[in-house]
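Undergrad: Can you read through this structure? Questions will come right after.
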Amino acid sequence: MSTLQKVLLVLLSVVSVIALMAGGYLIFRPSSSNSLVEVETPSHDSMALKIYVAQEGMYEISAQDIKDAGYDGDVANNSNIELINDGILQPFWLDGNGQDLRIRFYGKPSDSQYSNENVYWLVSGAESPEFLSVDANKESSAEEEEQKLEFFQEPTVLPPDSFFARLQLEENRIYKPQVDRDDPWFWSSMTAPDQQSYDIQLPHLVGGNSRLHLGFWATTESRDTPDHHLIVRVNGQVVVDETWDGLGSYTIESDIEPGILQNGTNTIEIIAPGDTGVAADIVLLDEMEIDYPREYVAESDRLDFVSNGGMHSVGGLSEHISVFDITLPIIVEIQNQSDNGTVKFEGQVDHRYWISGEKGYLKPVKVEPAILNPDLRSPGGGVDYIAIGPPDLLQPLQPLLDLREEQGLKVLSVPLDAVYDQFGAGLPEPQAVREFLKYTQENWYPSPRYLLLVGDASYDPKGFISPDEANRLPVFLINTVYGGQTASDVGYAQLADEEWAPDSDTDADYHLAVGRIPARKVSEVAILVEKILNYERIITEGKQPGPWEQNILAIADGQDIAFRADAQAFLDLFSGNYQTDLLSPSAGEVGVNQQIIDKIKEGNLLVAYFGHGSLNMWGKDRLFSVDDVDKLSTGDRSPIVINMTCLTGLFTHPNTESLAEAMLWKPDGGAVAVLAPTSLTLPYDQSFLVQSFIQTMLEDPSLPLGELLRRARAQVPSDTRGRRDVTQTFLLFGDPALRLPSPDN
């Protein structure tokens with residue numbers, strides 16, 4: 001046991017005695033060794049509950065919350081109860097008995113890119129879930145908190161009986177994927193001349209100096225100086241008049257003299273006068289912070305603050321007041337007695353305290369039982385084909401899974417939440433799915449060859465502007481050279497490295513053929529499954545392919561002669577067993593969309609487009625768009641559509657349907673599968689992928705669609721960032737085990 005652990009044990013023992021004398025008691029069970037303490041699958045009388053928290057503070061759950069989540073046992077008398085987060089045992093307090101029992105603990109929101117909610121696990125029983133391993137060597141670090149505390153140490157004299165409170169304001173309304181930072185979300189955009197006003201509440205303010213902090217991101221620059229000019233007024237008084245040059249992050253900080261701020265509502269105005277003489281002055285507001293002197297008076301029956309030391313007297317509280325020292329890494333209760341809604345205690349310098357009355361504890365977002373069935377570490381043998389998704393979307397997939405089994409594949413359908421719980425500690429991250437897939441590669445025989453992801457995703461997984469149904473199954477959000485942040489499912493196939501690096505210049509090893517059905521609704525899955533079954537009826541019934549299944553159609557954008565050359569080079573790859581056709585309208589030609597519709601309706605095995613593209617259309621002059629898909633009725637002759645363009649596979653837009661999705665959801669038409677990009681890439685870089693794909697198909701037409709793409713990716717040179725972006729962002733929308741009819745059948 002380390003010296004630090006011994007000290008923690010002594011401190012926590014003392015705290016436990018104090019808490020017990022005060023009417024409650026603390027439970028904390030650190031490991032007694034430096035090895036991993038692994039918990040096993042719970043028995044029928046044990047507990048494995050997930051507590052979701054979305055903000056920082058002291059939380060409380062009741063006996064009824066625990067019962068509603070499915071556990072009927074006596075928590076107070078359960079000697080094996082533990083609270084775990086991120087592999088670390090957490091302290092918690094039990095208060096009351098029976099139906100009046102309450103569990104209290106300190107929780108923090110997730111720092112995940114994919115969720116605001118953190119998950120704390122409440123487990124008990126002689127055995128606990130195997131996937132919740134507690135690492136005795138892992139300790140919460142106070143470094144981040146200390147850095148945060150330093151900001152509060154203001155070089156000014158505080159008014160008596162006050163502390164510096166921080167009001168942090170940030171809204172995420174605008175998505176800018178091309179900004180060079182990890183967080184591409186911003187509050188508002190200002191194009192000079194412009195003026196924006198924000199009303200903020202400062203409760204219990206007292207006189208004294210305050211400080212304003214504004215974070216911006218500049219998106220324009222010019223040869224002139226300065227590029228940007230902002231004026232900031234607080235309650236009508238100018239506190240900032242500042243200019244600067246260049247792109248990127250910029251911070252404005254200013255002292256606010258006493259008398260400008262007022263208790264209650266305050267108005268902050270940000271003015272971009274547009275007087276610099278540049279062609280464009282555009283900045284994005286990211287965040288706003290105000291540090292101000294505040295009274296020791298609770299709001300909503302709670303208060304938290306950083307102490308400057310000395311005796312504190314906090315009022316405005318209800319009965320049963322508790323004081324917690326929440327300075328990381330140790331959370332302790334130092335007092336839970338009070339007098340008429342006021343509590344007094346001695347504070348330590350730079351320690352952070354949470355004071356709560358009976359009604360001041362935060363409530364979790366939800367409390368749910370862990371999903372331990374199916375046990376994903378005991379599959380009962382290996383599988384060839386895995387489908388993962390929410391249960392409601394997996395249900396209409398069953399006819400397709402039955403077909404794959406009839407074709408000799410071992411098939412497994414896995415509910416997504418079971419993967420989150422058993423491989424991601426409950427967090428809804430793509431990394432959890434990847435860890436599960438790595439486990440199958442290392443422990444199952446046979447290990448999976450095909451992965452079908454069932455569910456939509458968005459570039460807004462935290463739900464700032466997107467509806468819930470836009471985030472059914474997450475996607476990796478990666479950075480690309482031309483388009484910034486975008487979506488990739490390729491990380492699910494790359495399982496060799498501990499850390500997946502999409503921008504690595506090493507040759508990738510793709511273990512799985514991956515496809516996605518980016519559905520939000522059950523009906524969308526059902527539509528595509530029906531099209532796939534009809535498409536493969538030729539193979540399952542042993543029929544010879546018809547003429548349409550030997551047709552290859554290429555469409556070239558007339559905006560650039562190079563697109564026609566690319567399309568012709570594509571067609572030249574095919575042998576005499578196929579019938580090739582090139583549609584190459586001139587730039588600005590009228591009625592091209594109808595020409596494309598007519599050509600596709602004739603029936604084709606492959607339809608490939610070469611040219612400019614965007615989210616919902618081919619061509620700058622709208623050669624073919626989502627509006628045209630409704631007219632694309634082909635019966636059972638739906639083609640596989642290849643998009644050698646940009647962005648038509650950006651299925652992650654939370655409110656706009658991509659062209660790839662529209663073609664999948666068209667009943668009796670559209671496409672049976674789509675290969676499309678989520679990014680901006682260059683035609684020359686794209687050519688390596690499409691040539692490798694077709695050459696692989698011609699060498700072995702019996703290979704399923706996803707396997708063709710898997711092998712093609714592995715053949716693309718990784719010597720430039722642009723080509724690596726192509727391999728990472730050209731995704732298969734459809735079933736990776738789709739079997740193609742061959743002209744040699």
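All residue names refer to the structure tokens as shown: chains lettered A, B, ... in order, residues numbered from 1 in each chain, ligands numbered from 1 in order.
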Range 374-448 of chain A near range 105-113 of chain A within 10 Å: what's each residue's closest atom pair and its distance in Å to one decimal, counting only C-alpha atoms, ordered by chain then ascending residue number, as a Markdown table?
TA:
| residue | atom | partner | partner_atom | distance |
| --- | --- | --- | --- | --- |
| A:Leu427 | CA | A:Ser112 | CA | 8.4 |
| A:Pro428 | CA | A:Ser112 | CA | 9.1 |
| A:Glu429 | CA | A:Ser112 | CA | 8.0 |
Undergrad: Could you pull out the residues in range 295-445 of chain A that DSSP calls alpha helix (DSSP H) from the backbone, as a ChimeraX atom specification?
TA: /A:391-394,398-406,416-423,430-443
Undergrad: For each of A:Asn593, A:Gly603, A:Asp74, A:Asn655, take the minimum atom-to-atom distance to Lys631 in chain A, counting only C-alpha atoms, then give the residue where this is smallest.
TA: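 Nearest to Lys631 in chain A: A:Asn593.
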Undergrad: Got a sec: who's within 12 Å of Lys599 in chain A, counting only C-alpha atoms, leaving out chain neighbours fewer than 4 positions off, as a count of residues only?
TA: 24
Undergrad: At what distance in Å, to one decimal, does CA of Val206 in chain A lie from CA of Asp241 in chain A?
TA: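 Going from CA of Asp241 in chain A over to CA of Val206 in chain A covers 25.9 Å.
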Undergrad: According to DSSP computed on the backbone, where in range 302-474 of chain A is there strand (DSSP E or B)? Give the residues as a count of residues only.
TA: 51
Undergrad: Please tabulate, as JSON lines, the residues of range 272-371 of chain A that come within 8 Å of range 166-178 of chain A, each with its closest pair of atoms and the distance in Å to one decimal, counting only C-alpha atoms and ordering rows by chain, then residue number upward.
TA:
{"residue": "A:Asp286", "atom": "CA", "partner": "A:Glu170", "partner_atom": "CA", "distance": 6.7}
{"residue": "A:Glu287", "atom": "CA", "partner": "A:Glu170", "partner_atom": "CA", "distance": 4.7}
{"residue": "A:Met288", "atom": "CA", "partner": "A:Leu169", "partner_atom": "CA", "distance": 5.1}
{"residue": "A:Glu289", "atom": "CA", "partner": "A:Gln168", "partner_atom": "CA", "distance": 4.6}
{"residue": "A:Ile290", "atom": "CA", "partner": "A:Leu167", "partner_atom": "CA", "distance": 5.2}
{"residue": "A:Asp291", "atom": "CA", "partner": "A:Arg166", "partner_atom": "CA", "distance": 4.4}
{"residue": "A:Tyr292", "atom": "CA", "partner": "A:Arg166", "partner_atom": "CA", "distance": 6.6}
Undergrad: Find the residues near Gln550 in chain A: any atom within 7 Å, counting only C-alpha atoms, skip ones fewer than 4 places away on the same chain, and give them as a PyMOL selection string.
TA: chain A and resi 578-579+604-605+743
Undergrad: Give me the residues near Val454 in chain A as a PDB file with C-alpha atoms, in the first residue's frame, where near means some atom within 10 Å (using only C-alpha atoms) and where sequence neighbours in that chain fewer than 6 positions away do not count.
TA:
ATOM      1  CA  ALA A 387     -25.364  -6.723 -35.957  1.00  0.00           C
ATOM      2  CA  ILE A 388     -25.342  -4.021 -33.260  1.00  0.00           C
ATOM      3  CA  GLY A 389     -28.043  -1.474 -32.585  1.00  0.00           C
ATOM      4  CA  PRO A 390     -30.918  -0.399 -30.354  1.00  0.00           C
ATOM      5  CA  PRO A 391     -33.394  -3.288 -29.786  1.00  0.00           C
ATOM      6  CA  LEU A 393     -34.110  -1.248 -34.799  1.00  0.00           C
ATOM      7  CA  LEU A 394     -32.732  -4.788 -34.551  1.00  0.00           C
ATOM      8  CA  LEU A 397     -33.555  -6.754 -39.178  1.00  0.00           C
ATOM      9  CA  LEU A 416     -26.236  -1.561 -28.079  1.00  0.00           C
ATOM     10  CA  ARG A 472     -29.151   6.027 -32.107  1.00  0.00           C
ATOM     11  CA  LEU A 473     -25.631   4.570 -32.531  1.00  0.00           C
ATOM     12  CA  GLY A 515     -21.609  -1.339 -43.063  1.00  0.00           C
ATOM     13  CA  ARG A 516     -24.228   0.891 -41.496  1.00  0.00           C
ATOM     14  CA  ILE A 517     -27.965   1.235 -41.824  1.00  0.00           C
ATOM     15  CA  PRO A 518     -28.255   4.869 -40.625  1.00  0.00           C
ATOM     16  CA  ALA A 519     -31.887   4.532 -39.588  1.00  0.00           C
ATOM     17  CA  ARG A 520     -33.804   6.575 -37.078  1.00  0.00           C
ATOM     18  CA  VAL A 525     -34.771  -0.576 -41.463  1.00  0.00           C
ATOM     19  CA  GLY A 734     -25.989  -1.063 -46.312  1.00  0.00           C
ATOM     20  CA  ASP A 735     -25.245  -4.668 -45.443  1.00  0.00           C
TER      21      ASP A 735
END
Undergrad: Rank A:Ile527, A:Gln559, A:Val283, A:Gln568 by their smallest atom-to-atom distance to Ala662 in chain A, using only C-alpha atoms, and report the top residue only.
TA: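 The answer is A:Ile527, which sits nearest to Ala662 in chain A.
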Undergrad: Hey, what's within 8 Å of Lys359 in chain A if we count only C-alpha atoms and toss same-chain stuff fewer than 3 positions away? As a list in words, please?
TA: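 Residues near the query, excluding close chain neighbours: Ser300, Asp301, Ser318 and Ser356 of chain A.
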Undergrad: Taking C-alpha atoms for each residue, export the selection above as an mmCIF file, in the first residue's frame.
TA:
data_model
loop_
_atom_site.group_PDB
_atom_site.id
_atom_site.type_symbol
_atom_site.label_atom_id
_atom_site.label_comp_id
_atom_site.auth_asym_id
_atom_site.auth_seq_id
_atom_site.Cartn_x
_atom_site.Cartn_y
_atom_site.Cartn_z
ATOM 1 C CA SER A 300 -32.017 26.436 -4.153
ATOM 2 C CA ASP A 301 -30.944 25.271 -0.697
ATOM 3 C CA SER A 318 -33.375 24.592 5.226
ATOM 4 C CA SER A 356 -26.612 21.731 1.256
#
Undergrad: Quick one: residues within 12 Å of Lys67 in chain A, only C-alpha atoms, excluding same-chain residues fewer than 3 positions away - as a list in words?
TA: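 That gives Met47, Leu49, Ile61, Ser62, Ala63, Gln64, Gly70, Tyr71, Asp72, Gly73, Asp74, Val75, Gly98, Gln99, Leu101, Val367, Glu368 and Pro369 of chain A.
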Undergrad: Name the closest residue to Ala425 in chain A among the candidates A:Leu132, A:Val240, A:Cys646, A:Ile88; distances are taken between atoms, counting only C-alpha atoms.
TA: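 That would be A:Leu132, the residue with the smallest distance to Ala425 in chain A.
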Undergrad: Could you please determine the separation between CA of Asp630 in chain A and CA of Arg739 in chain A in Å, to one decimal place?
TA: 25.7 Å
Undergrad: My list of candidates is A:Ile103, A:Arg449, A:Gly357, A:Pro654. Which is closest to Asn471 in chain A when distances are computed with only C-alpha atoms?
TA: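 Closest to Asn471 in chain A of all the choices is A:Pro654.
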